[in-house]
$ cat coords36.csv   # CSV, C-alpha atoms
chain,number,residue,atom,x,y,z
V,201,MET,CA,-223.8,83.4,-61.5
V,202,ASP,CA,-221.4,81.5,-59.3
V,203,ALA,CA,-222.3,78.0,-60.5
V,204,ARG,CA,-224.3,76.1,-63.0
V,205,GLN,CA,-228.1,76.3,-62.8
V,206,PRO,CA,-230.0,73.0,-62.2
V,207,THR,CA,-231.1,71.2,-65.3
V,208,GLY,CA,-234.7,70.3,-65.9
V,209,SER,CA,-234.2,66.9,-64.4
V,210,GLN,CA,-232.8,68.4,-61.3
V,211,ALA,CA,-235.6,70.9,-60.8
V,212,ALA,CA,-238.2,70.0,-58.1
V,213,HIS,CA,-241.4,68.5,-59.3
V,214,PRO,CA,-244.7,69.6,-57.8
V,215,GLY,CA,-246.1,67.1,-55.4
V,216,PRO,CA,-249.0,66.8,-52.9
V,217,THR,CA,-249.7,69.9,-50.9
V,218,THR,CA,-249.0,69.6,-47.2
V,219,THR,CA,-249.0,72.1,-44.4
V,220,PRO,CA,-245.9,72.8,-42.3
V,221,ALA,CA,-247.8,71.6,-39.2
V,222,ALA,CA,-248.7,68.3,-40.8
V,223,ASP,CA,-245.3,67.1,-41.9
V,224,GLY,CA,-243.0,69.1,-39.6
V,225,THR,CA,-240.6,69.7,-42.5
V,226,PRO,CA,-239.8,73.4,-41.6
V,227,ALA,CA,-239.1,72.4,-38.0
V,228,ARG,CA,-236.8,69.6,-39.1
V,229,ARG,CA,-235.0,71.9,-41.5
V,230,GLY,CA,-234.5,74.4,-38.7
V,231,ARG,CA,-233.0,71.9,-36.4
V,232,ARG,CA,-230.7,70.6,-39.1
V,233,ALA,CA,-229.6,74.1,-39.9
V,234,ARG,CA,-228.9,74.9,-36.3
V,235,ALA,CA,-227.0,71.6,-35.9
V,236,LEU,CA,-224.9,72.3,-39.0
V,237,THR,CA,-224.1,75.8,-37.7
V,238,ALA,CA,-222.9,74.4,-34.4
V,239,VAL,CA,-220.7,71.9,-36.2
V,240,LYS,CA,-219.2,74.7,-38.4
V,241,TRP,CA,-218.4,76.8,-35.3
V,242,ALA,CA,-217.0,73.8,-33.5
V,243,ALA,CA,-214.7,72.9,-36.4
V,244,ALA,CA,-213.5,76.5,-36.6
V,245,VAL,CA,-212.7,76.6,-32.9
V,246,VAL,CA,-210.8,73.3,-33.2
V,247,ALA,CA,-208.8,74.6,-36.2
V,248,VAL,CA,-207.9,77.9,-34.5
V,249,GLY,CA,-207.1,76.1,-31.3
V,250,LEU,CA,-204.7,73.7,-33.0
V,251,LEU,CA,-203.1,76.5,-34.9
V,252,VAL,CA,-202.4,78.5,-31.7
V,253,LEU,CA,-201.2,75.3,-30.0
V,254,GLY,CA,-198.7,74.7,-32.8
V,255,ILE,CA,-197.3,78.2,-32.5
V,256,ALA,CA,-197.1,77.9,-28.7
V,257,ARG,CA,-195.1,74.7,-28.9
V,258,GLN,CA,-192.5,76.4,-31.1
V,259,TRP,CA,-192.5,79.8,-29.5
V,260,ASP,CA,-188.9,79.8,-28.2
V,261,ALA,CA,-187.6,78.7,-31.6
V,262,ILE,CA,-189.8,81.3,-33.3
V,263,VAL,CA,-188.4,84.2,-31.2
V,264,ALA,CA,-184.8,83.0,-31.6
V,265,ASP,CA,-185.0,82.6,-35.4
V,266,PHE,CA,-186.9,85.8,-36.1
V,267,ALA,CA,-184.4,87.8,-34.1
V,268,ARG,CA,-181.8,86.9,-36.8
V,269,LEU,CA,-184.0,88.1,-39.7
V,270,ASP,CA,-183.7,91.6,-41.2
V,271,VAL,CA,-186.7,93.7,-42.1
V,272,LEU,CA,-186.3,93.0,-45.9
V,273,THR,CA,-186.3,89.2,-45.4
V,274,VAL,CA,-189.5,89.4,-43.2
V,275,VAL,CA,-191.3,91.7,-45.7
V,276,VAL,CA,-190.3,89.6,-48.8
V,277,GLY,CA,-191.1,86.4,-46.9
V,278,LEU,CA,-194.6,87.5,-45.9
V,279,VAL,CA,-195.4,89.0,-49.4
V,280,ALA,CA,-194.2,85.9,-51.2
V,281,THR,CA,-196.2,83.7,-48.8
V,282,VAL,CA,-199.4,85.6,-49.3
V,283,ALA,CA,-198.9,85.7,-53.0
V,284,ALA,CA,-198.3,81.9,-53.0
V,285,LEU,CA,-201.5,81.4,-51.1
V,286,VAL,CA,-203.4,83.5,-53.6
V,287,ALA,CA,-201.8,81.5,-56.5
V,288,ASN,CA,-203.1,78.4,-54.7
V,289,MET,CA,-206.6,79.8,-54.6
V,290,LEU,CA,-206.4,80.7,-58.3
V,291,SER,CA,-205.3,77.1,-59.0
V,292,TRP,CA,-208.3,75.8,-57.1
V,293,ARG,CA,-210.6,78.3,-59.0
V,294,ALA,CA,-209.2,77.1,-62.4
V,295,MET,CA,-209.9,73.5,-61.4
V,296,MET,CA,-213.5,74.6,-60.5
V,297,ALA,CA,-213.8,76.0,-64.0
V,298,ALA,CA,-212.3,72.9,-65.5
V,299,THR,CA,-215.1,70.8,-63.8
V,300,GLY,CA,-217.8,73.2,-65.1
V,301,PHE,CA,-218.2,75.6,-62.2
V,302,ARG,CA,-217.5,79.2,-62.9
V,303,VAL,CA,-216.8,81.0,-59.6
V,304,ARG,CA,-216.4,84.7,-59.2
V,305,LEU,CA,-213.0,85.8,-57.8
V,306,ALA,CA,-214.6,87.3,-54.6
V,307,ALA,CA,-216.6,84.1,-54.0
V,308,ALA,CA,-213.5,81.9,-54.7
V,309,ALA,CA,-211.5,83.9,-52.2
V,310,SER,CA,-214.2,83.6,-49.6
V,311,ILE,CA,-214.7,79.8,-50.0
V,312,PHE,CA,-211.0,78.9,-50.3
V,313,PHE,CA,-209.3,81.0,-47.7
V,314,VAL,CA,-211.8,80.4,-44.9
V,315,GLY,CA,-211.8,76.7,-45.8
V,316,GLN,CA,-208.0,76.5,-45.7
V,317,LEU,CA,-208.1,76.8,-41.9
V,318,GLY,CA,-209.3,73.2,-41.9
V,319,LYS,CA,-205.8,72.0,-42.8
V,320,TYR,CA,-204.7,72.7,-39.2
V,321,ILE,CA,-207.0,69.8,-38.1
V,322,PRO,CA,-205.2,66.4,-38.4
V,323,GLY,CA,-206.6,64.3,-41.2
V,324,GLY,CA,-205.7,66.2,-44.4
V,325,VAL,CA,-209.3,66.4,-45.8
V,326,TRP,CA,-210.9,68.9,-43.5
V,327,SER,CA,-210.2,71.8,-45.8
V,328,ILE,CA,-212.0,70.1,-48.6
V,329,ALA,CA,-215.0,69.4,-46.4
V,330,ALA,CA,-215.0,73.1,-45.3
V,331,GLN,CA,-214.7,74.4,-48.8
V,332,ALA,CA,-217.6,72.1,-50.0
V,333,GLU,CA,-219.8,73.5,-47.2
V,334,LEU,CA,-218.8,77.1,-47.7
V,335,GLY,CA,-219.5,76.8,-51.4
V,336,ARG,CA,-223.2,76.2,-50.8
V,337,ALA,CA,-223.6,79.8,-49.9
V,338,HIS,CA,-222.6,80.7,-53.4
V,339,GLY,CA,-224.8,78.1,-55.2
V,340,LEU,CA,-222.2,75.3,-55.5
V,341,ALA,CA,-223.3,71.8,-54.9
V,342,ARG,CA,-221.4,70.0,-52.1
V,343,THR,CA,-220.4,67.1,-54.4
V,344,GLY,CA,-219.2,69.3,-57.2
V,345,SER,CA,-217.2,71.5,-54.9
V,346,ALA,CA,-215.6,68.6,-53.2
V,347,VAL,CA,-214.7,66.9,-56.5
V,348,ALA,CA,-213.0,70.1,-57.7
V,349,SER,CA,-211.1,70.5,-54.4
V,350,LEU,CA,-209.8,66.9,-54.5
V,351,ALA,CA,-208.7,67.5,-58.1
V,352,SER,CA,-207.0,70.7,-57.1
V,353,MET,CA,-205.2,68.9,-54.3
V,354,LEU,CA,-204.0,66.3,-56.8
V,355,VAL,CA,-202.7,69.1,-58.9
V,356,SER,CA,-200.7,70.4,-55.9
V,357,MET,CA,-199.3,67.0,-55.2
V,358,VAL,CA,-198.2,66.4,-58.8
V,359,THR,CA,-196.6,69.8,-59.3
V,360,ALA,CA,-194.9,69.5,-55.9
V,361,ALA,CA,-193.3,66.2,-57.1
V,362,LEU,CA,-192.3,67.8,-60.4
V,363,VAL,CA,-190.7,70.8,-58.8
V,364,GLY,CA,-189.0,68.5,-56.3
V,365,ILE,CA,-187.5,66.4,-59.0
V,366,VAL,CA,-185.9,69.4,-60.6
V,367,ALA,CA,-184.5,70.5,-57.3
V,368,LEU,CA,-183.1,67.1,-56.4
V,369,LEU,CA,-181.4,66.9,-59.8
V,370,ALA,CA,-179.9,70.4,-59.2
V,371,SER,CA,-178.5,69.4,-55.8
V,372,ALA,CA,-175.4,67.3,-55.3
V,373,SER,CA,-177.0,65.2,-52.5
V,374,ASP,CA,-178.4,61.8,-52.8
V,375,GLY,CA,-181.9,63.0,-52.2
V,376,LEU,CA,-183.3,61.5,-55.4
V,377,ALA,CA,-182.1,58.1,-54.3
V,378,HIS,CA,-184.2,58.4,-51.2
V,379,TYR,CA,-187.2,60.1,-52.9
V,380,TRP,CA,-187.3,58.0,-56.2
V,381,TRP,CA,-191.0,57.6,-55.6
V,382,LEU,CA,-191.5,61.2,-56.7
V,383,VAL,CA,-191.0,60.0,-60.3
V,384,VAL,CA,-193.8,57.5,-59.8
V,385,VAL,CA,-196.1,60.2,-58.3
V,386,VAL,CA,-195.4,62.5,-61.3
V,387,ALA,CA,-196.0,59.7,-63.9
V,388,ILE,CA,-199.3,58.5,-62.3
V,389,GLY,CA,-200.4,62.0,-61.4
V,390,LEU,CA,-200.0,63.4,-64.9
V,391,VAL,CA,-202.0,60.5,-66.3
V,392,ALA,CA,-204.7,60.9,-63.7
V,393,LEU,CA,-205.0,64.7,-64.4
V,394,THR,CA,-205.8,64.2,-68.1
V,395,PRO,CA,-209.5,65.2,-68.4
V,396,PRO,CA,-210.6,61.7,-69.8
V,397,VAL,CA,-209.0,59.8,-67.0
V,398,LEU,CA,-209.9,62.3,-64.2
V,399,GLY,CA,-213.5,62.3,-65.4
V,400,ARG,CA,-213.7,58.5,-65.0
V,401,LEU,CA,-212.0,58.7,-61.6
V,402,ILE,CA,-214.6,61.3,-60.5
V,403,ALA,CA,-217.4,59.1,-61.7
V,404,LEU,CA,-215.9,56.1,-59.8
V,405,ALA,CA,-215.5,58.1,-56.6
V,406,LEU,CA,-219.1,59.2,-56.8
V,407,ARG,CA,-220.3,55.6,-57.1
V,408,LEU,CA,-218.1,54.5,-54.2
V,409,LEU,CA,-219.5,57.3,-52.1
V,410,ARG,CA,-223.0,56.4,-53.2
V,411,ARG,CA,-223.6,59.9,-54.5
V,412,PRO,CA,-225.9,60.8,-57.3
V,413,PRO,CA,-224.0,60.6,-60.7
V,414,GLU,CA,-223.0,64.0,-61.9
V,415,ALA,CA,-221.9,64.9,-65.4
V,416,VAL,CA,-218.5,66.5,-65.2
V,417,ALA,CA,-217.1,68.0,-68.4
V,418,LEU,CA,-213.4,68.6,-67.6
V,419,THR,CA,-211.5,70.9,-69.9
V,420,TRP,CA,-207.9,70.7,-70.9
V,421,SER,CA,-207.5,74.5,-70.6
V,422,GLY,CA,-208.8,74.6,-67.0
V,423,THR,CA,-206.6,71.7,-65.9
V,424,ALA,CA,-203.5,73.3,-67.5
V,425,ALA,CA,-204.3,76.6,-65.9
V,426,SER,CA,-204.7,75.0,-62.5
V,427,MET,CA,-201.3,73.3,-62.9
V,428,ALA,CA,-199.7,76.6,-64.1
V,429,TRP,CA,-200.9,78.5,-61.0
V,430,SER,CA,-199.7,75.6,-58.8
V,431,VAL,CA,-196.2,75.9,-60.2
V,432,VAL,CA,-196.3,79.6,-59.6
V,433,MET,CA,-197.2,78.9,-56.0
V,434,TRP,CA,-194.1,76.7,-55.5
V,435,LEU,CA,-191.8,79.2,-57.1
V,436,LEU,CA,-193.1,81.9,-54.8
V,437,TYR,CA,-192.5,79.6,-51.8
V,438,GLY,CA,-189.0,79.1,-53.2
V,439,ILE,CA,-188.4,82.9,-53.1
V,440,GLN,CA,-189.5,83.0,-49.5
V,441,ALA,CA,-187.2,80.0,-48.6
V,442,THR,CA,-184.3,81.5,-50.5
V,443,PHE,CA,-184.4,84.8,-48.6
V,444,VAL,CA,-184.7,83.0,-45.3
V,445,LEU,CA,-181.8,80.7,-46.0
V,446,HIS,CA,-179.6,83.6,-47.1
V,447,ALA,CA,-180.3,85.3,-43.8
V,448,PHE,CA,-179.0,82.1,-42.1
V,449,GLY,CA,-175.8,82.0,-44.2
V,450,ALA,CA,-176.7,79.8,-47.2
V,451,ASP,CA,-174.9,81.3,-50.2
V,452,SER,CA,-174.8,78.5,-52.8
V,453,PRO,CA,-175.6,79.4,-56.4
V,454,SER,CA,-178.2,76.6,-56.4
V,455,VAL,CA,-180.0,77.7,-53.3
V,456,PHE,CA,-183.1,78.9,-55.1
V,457,ALA,CA,-183.6,75.7,-57.1
V,458,VAL,CA,-182.8,73.4,-54.2
V,459,SER,CA,-184.9,75.3,-51.6
V,460,THR,CA,-187.9,75.5,-54.0
V,461,GLY,CA,-187.9,71.8,-54.6
V,462,ALA,CA,-187.2,70.9,-51.0
V,463,TYR,CA,-190.1,73.1,-49.8
V,464,ALA,CA,-192.4,71.4,-52.3
V,465,VAL,CA,-191.4,67.9,-51.4
V,466,ALA,CA,-191.6,68.7,-47.7
V,467,TRP,CA,-195.1,69.9,-48.2
V,468,LEU,CA,-196.0,66.7,-50.1
V,469,VAL,CA,-194.6,64.5,-47.3
V,470,GLY,CA,-196.3,66.6,-44.7
V,471,PHE,CA,-199.6,66.3,-46.5
V,472,LEU,CA,-199.3,62.5,-46.8
V,473,VAL,CA,-198.6,62.3,-43.0
V,474,VAL,CA,-202.3,62.9,-42.2
V,475,VAL,CA,-202.0,62.4,-38.5
V,476,ALA,CA,-200.0,65.7,-38.1
V,477,PRO,CA,-201.8,69.1,-38.3
V,478,ALA,CA,-200.5,70.9,-41.4
V,479,GLY,CA,-197.7,68.3,-41.6
V,480,LEU,CA,-196.0,69.4,-38.4
V,481,GLY,CA,-192.8,67.5,-37.8
V,482,ALA,CA,-192.6,65.5,-41.1
V,483,ARG,CA,-191.8,68.6,-43.1
V,484,GLU,CA,-189.0,69.7,-40.9
V,485,GLY,CA,-187.2,66.4,-41.2
V,486,VAL,CA,-187.5,66.4,-45.0
V,487,LEU,CA,-186.2,70.0,-45.2
V,488,VAL,CA,-183.1,69.1,-43.2
V,489,LEU,CA,-182.3,66.2,-45.5
V,490,LEU,CA,-182.9,67.9,-48.8
V,491,LEU,CA,-181.3,71.2,-48.0
V,492,ALA,CA,-178.0,69.6,-46.8
V,493,SER,CA,-176.3,70.5,-50.1
V,494,VAL,CA,-176.9,74.3,-49.6
V,495,ALA,CA,-177.3,74.6,-45.8
V,496,SER,CA,-175.3,72.6,-43.4
V,497,PRO,CA,-177.5,70.7,-40.9
V,498,SER,CA,-175.2,71.8,-38.0
V,499,GLY,CA,-175.9,75.5,-38.9
V,500,GLY,CA,-179.6,75.1,-38.2
V,501,ALA,CA,-180.6,77.0,-41.3
V,502,ALA,CA,-183.0,74.2,-42.5
V,503,LEU,CA,-184.8,74.0,-39.2
V,504,ALA,CA,-184.9,77.8,-39.0
V,505,LEU,CA,-186.6,77.8,-42.4
V,506,ALA,CA,-189.1,75.3,-41.3
V,507,VAL,CA,-190.0,77.4,-38.2
V,508,VAL,CA,-190.0,80.8,-40.0
V,509,SER,CA,-191.9,79.5,-43.0
V,510,ARG,CA,-194.6,78.0,-40.8
V,511,VAL,CA,-195.0,81.3,-39.1
V,512,PHE,CA,-195.2,83.1,-42.5
V,513,MET,CA,-197.8,80.5,-43.6
V,514,THR,CA,-199.9,80.9,-40.4
V,515,ILE,CA,-199.9,84.7,-40.7
V,516,GLY,CA,-200.9,84.5,-44.4
V,517,ASP,CA,-203.6,81.9,-43.7
V,518,VAL,CA,-205.1,84.1,-40.9
V,519,LEU,CA,-204.9,87.3,-42.9
V,520,LEU,CA,-206.5,85.8,-46.0
V,521,ALA,CA,-209.1,83.9,-43.9
V,522,GLY,CA,-210.1,87.3,-42.5
V,523,VAL,CA,-210.4,88.7,-46.0
V,524,GLY,CA,-212.5,85.7,-47.0
V,525,SER,CA,-214.7,86.1,-43.9
V,526,ALA,CA,-215.3,89.8,-44.8
V,527,LEU,CA,-216.3,88.8,-48.3
V,528,ALA,CA,-218.6,86.1,-47.0
V,529,VAL,CA,-220.3,88.6,-44.7
V,530,ARG,CA,-220.7,91.0,-47.6
V,531,HIS,CA,-222.2,88.2,-49.8
V,532,ARG,CA,-224.7,87.2,-47.1
V,533,ARG,CA,-225.8,90.8,-46.7
V,534,ALA,CA,-226.2,91.2,-50.5
V,535,VAL,CA,-228.3,88.0,-50.6
V,536,ALA,CA,-230.5,89.3,-47.7
V,537,ARG,CA,-231.0,92.6,-49.3
V,538,SER,CA,-232.0,90.9,-52.6
V,539,ALA,CA,-234.4,88.6,-50.8
V,540,ALA,CA,-236.0,91.6,-48.9
V,541,THR,CA,-236.5,93.6,-52.1
V,542,PRO,CA,-240.0,93.1,-53.6
V,543,PRO,CA,-240.1,91.8,-57.2
V,544,GLY,CA,-240.0,94.7,-59.7
V,545,ALA,CA,-238.9,97.3,-57.1
V,546,HIS,CA,-235.9,98.3,-59.1
V,547,ASP,CA,-238.2,99.0,-62.1
V,548,ARG,CA,-240.3,101.6,-60.3
V,549,HIS,CA,-239.7,105.3,-61.0
$ encode --input "coords36.csv" --output "structure tokens"
Amino acid sequence: MDARQPTGSQAAHPGPTTTPAADGTPARRGRRARALTAVKWAAAVVAVGLLVLGIARQWDAIVADFARLDVLTVVVGLVATVAALVANMLSWRAMMAATGFRVRLAAAASIFFVGQLGKYIPGGVWSIAAQAELGRAHGLARTGSAVASLASMLVSMVTAALVGIVALLASASDGLAHYWWLVVVVAIGLVALTPPVLGRLIALALRLLRRPPEAVALTWSGTAASMAWSVVMWLLYGIQATFVLHAFGADSPSVFAVSTGAYAVAWLVGFLVVVAPAGLGAREGVLVLLLASVASPSGGAALALAVVSRVFMTIGDVLLAGVGSALAVRHRRAVARSAATPPGAHDRH
């Protein structure tokens, strides 16, 4: 099973018998389903369109920067990026488990990777909405899936700040003086991520959203696993950033530590700037500032990293969204076959 089964209080109770023609319920459901499908396709088209537009705007810089990369750097960069995206999915899956929803690996990949395309729409929460909707096909309630996605995003923010602090301390720049608020984010975030506090925050959020109360039994092990996978994600992005910076002349002994933290902080700032699709613009400025100790701003290495990394990320998102879509199609076909099989057919000889 992908998710928890409804409890007795959640099961439907028998009521007065009505015909479809009398109350029109099947017709209304059909119209609602068609409208929802249209919204899903419209959101997908918008996300892909903004993704393509972002690449088109930086096309000249992309061509110029990639011309300076060797094959090894490109291969390592792409592999590290895809691995980081997979680690991010595993962090989300661990948080789903922490909130009580056990999701199979194939289902998690389908929900997470396809939903991730929503981050290319300005607003910062579209990926959460997409994942909540996609999770319904695997038996996940919208509210439960959205809660786990929000908690997973909080994990990413806290670990990004943690990794960023380490990098800023490793650098000789005054980055920590400018980004002192990272310490506040870490302190508040770590407290908020403890199961007792996070459970209360979830309950409060459900009340504010006027959603039905839902018992969420958070586990320490699931929360810790989510944070561990998130740290692995940032380390993999650091490997990608290190190889790219080396290709553009950065040779400082602290390049890995600094680039890992700078990448994480740049993501955090880009996420908080919700008006930009996938943090476009804000992340580049942060990278230039924080990488100054290992890559001279005049050399263009930091800006090149921002451009190259965004291309790696886009390629990874598209590839994994394709994998997720294929898994979703396979799941729908399996469900259709199961629904078409008469009860007890498998027991016949």
$ atom_distance --input "coords36.csv" --atom1 "atom CA of Ala528 of chain V" --atom2 "atom CA of Ala280 of chain V"
24.8 Å
$ residues_around --input "coords36.csv" --residues "segment 443-458 of chain V" --least-positions-apart "5" --cutoff "8 Å" --atoms "all atoms listed in the file" --output "PyMOL selection string"
chain V and resi 268-270+273+276-277+366-368+370-371+438+490-491+494-495+499+501-502+504-505+508
$ residues_around --input "coords36.csv" --residues "Ala348 of chain V" --least-positions-apart "3" --cutoff "10 Å" --atoms "all atoms listed in the file" --output "short mmCIF file (atom, residue, chain, number, x, y, z; two decimals) with C-alpha atoms, in the coordinates of the input"
data_model
loop_
_atom_site.label_atom_id
_atom_site.label_comp_id
_atom_site.auth_asym_id
_atom_site.auth_seq_id
_atom_site.Cartn_x
_atom_site.Cartn_y
_atom_site.Cartn_z
CA TRP V 292 -208.30 75.80 -57.10
CA ARG V 293 -210.60 78.30 -59.00
CA ALA V 294 -209.20 77.10 -62.40
CA MET V 295 -209.90 73.50 -61.40
CA MET V 296 -213.50 74.60 -60.50
CA ALA V 297 -213.80 76.00 -64.00
CA ALA V 298 -212.30 72.90 -65.50
CA THR V 299 -215.10 70.80 -63.80
CA GLY V 300 -217.80 73.20 -65.10
CA PHE V 301 -218.20 75.60 -62.20
CA ILE V 328 -212.00 70.10 -48.60
CA ALA V 332 -217.60 72.10 -50.00
CA THR V 343 -220.40 67.10 -54.40
CA GLY V 344 -219.20 69.30 -57.20
CA SER V 345 -217.20 71.50 -54.90
CA ALA V 351 -208.70 67.50 -58.10
CA SER V 352 -207.00 70.70 -57.10
CA MET V 353 -205.20 68.90 -54.30
CA LEU V 354 -204.00 66.30 -56.80
CA ILE V 402 -214.60 61.30 -60.50
CA VAL V 416 -218.50 66.50 -65.20
#
$ atom_distance --input "coords36.csv" --atom1 "atom CA of Trp467 of chain V" --atom2 "atom CA of Ala360 of chain V"
7.7 Å
$ closest_residue --input "coords36.csv" --among "V:Arg400, V:His378, V:Arg537, V:Arg532" --to "Ala337 of chain V" --atoms "all atoms listed in the file"
V:Arg532
$ closest_residue --input "coords36.csv" --among "V:Val347, V:Leu272, V:Leu435, V:Val314" --to "Gly522 of chain V" --atoms "only C-alpha atoms"
V:Val314
$ atom_distance --input "coords36.csv" --atom1 "atom CA of Phe313 of chain V" --atom2 "atom CA of Ala521 of chain V"
4.8 Å
$ residues_around --input "coords36.csv" --residues "Ser509 of chain V" --least-positions-apart "5" --cutoff "10 Å" --atoms "only C-alpha atoms" --output "PyMOL selection string"
chain V and resi 277-278+281+437+440-441+444+463+503-504+514-515
$ write_last_selection --input "coords36.csv" --atoms "C-alpha atoms" --output "PDB file, keeping the file's coordinate frame"
ATOM      1  CA  GLY V 277    -191.100  86.400 -46.900  1.00  0.00           C
ATOM      2  CA  LEU V 278    -194.600  87.500 -45.900  1.00  0.00           C
ATOM      3  CA  THR V 281    -196.200  83.700 -48.800  1.00  0.00           C
ATOM      4  CA  TYR V 437    -192.500  79.600 -51.800  1.00  0.00           C
ATOM      5  CA  GLN V 440    -189.500  83.000 -49.500  1.00  0.00           C
ATOM      6  CA  ALA V 441    -187.200  80.000 -48.600  1.00  0.00           C
ATOM      7  CA  VAL V 444    -184.700  83.000 -45.300  1.00  0.00           C
ATOM      8  CA  TYR V 463    -190.100  73.100 -49.800  1.00  0.00           C
ATOM      9  CA  LEU V 503    -184.800  74.000 -39.200  1.00  0.00           C
ATOM     10  CA  ALA V 504    -184.900  77.800 -39.000  1.00  0.00           C
ATOM     11  CA  THR V 514    -199.900  80.900 -40.400  1.00  0.00           C
ATOM     12  CA  ILE V 515    -199.900  84.700 -40.700  1.00  0.00           C
TER      13      ILE V 515
END
$ residues_around --input "coords36.csv" --residues "Leu362 of chain V" --least-positions-apart "2" --cutoff "12 Å" --atoms "all atoms listed in the file" --output "ChimeraX atom specification"
/V:355-360,364-369,379-390,427,430-431,434-435,460-462,464-465,468
$ write_last_selection --input "coords36.csv" --atoms "C-alpha atoms" --output "compact mmCIF listing (two decimals), in the frame of the given file"
# COMPACT_ATOMS: atom_id res chain seq x y z
CA VAL V 355 -202.70 69.10 -58.90
CA SER V 356 -200.70 70.40 -55.90
CA MET V 357 -199.30 67.00 -55.20
CA VAL V 358 -198.20 66.40 -58.80
CA THR V 359 -196.60 69.80 -59.30
CA ALA V 360 -194.90 69.50 -55.90
CA GLY V 364 -189.00 68.50 -56.30
CA ILE V 365 -187.50 66.40 -59.00
CA VAL V 366 -185.90 69.40 -60.60
CA ALA V 367 -184.50 70.50 -57.30
CA LEU V 368 -183.10 67.10 -56.40
CA LEU V 369 -181.40 66.90 -59.80
CA TYR V 379 -187.20 60.10 -52.90
CA TRP V 380 -187.30 58.00 -56.20
CA TRP V 381 -191.00 57.60 -55.60
CA LEU V 382 -191.50 61.20 -56.70
CA VAL V 383 -191.00 60.00 -60.30
CA VAL V 384 -193.80 57.50 -59.80
CA VAL V 385 -196.10 60.20 -58.30
CA VAL V 386 -195.40 62.50 -61.30
CA ALA V 387 -196.00 59.70 -63.90
CA ILE V 388 -199.30 58.50 -62.30
CA GLY V 389 -200.40 62.00 -61.40
CA LEU V 390 -200.00 63.40 -64.90
CA MET V 427 -201.30 73.30 -62.90
CA SER V 430 -199.70 75.60 -58.80
CA VAL V 431 -196.20 75.90 -60.20
CA TRP V 434 -194.10 76.70 -55.50
CA LEU V 435 -191.80 79.20 -57.10
CA THR V 460 -187.90 75.50 -54.00
CA GLY V 461 -187.90 71.80 -54.60
CA ALA V 462 -187.20 70.90 -51.00
CA ALA V 464 -192.40 71.40 -52.30
CA VAL V 465 -191.40 67.90 -51.40
CA LEU V 468 -196.00 66.70 -50.10
$ closest_residue --input "coords36.csv" --among "V:Leu418, V:Val432, V:Leu472, V:Leu408" --to "Pro396 of chain V" --atoms "only C-alpha atoms"
V:Leu418
$ closest_residue --input "coords36.csv" --among "V:Gly500, V:Ala306, V:Asn288, V:Arg342" --to "Trp429 of chain V" --atoms "all atoms listed in the file"
V:Asn288
$ residues_around --input "coords36.csv" --residues "Glu333 of chain V" --least-positions-apart "6" --cutoff "9 Å" --atoms "only C-alpha atoms" --output "list in words"
Lys240, Ile311, Gly315, Leu340, Ala341, Arg342, Ser345 and Ala346 of chain V
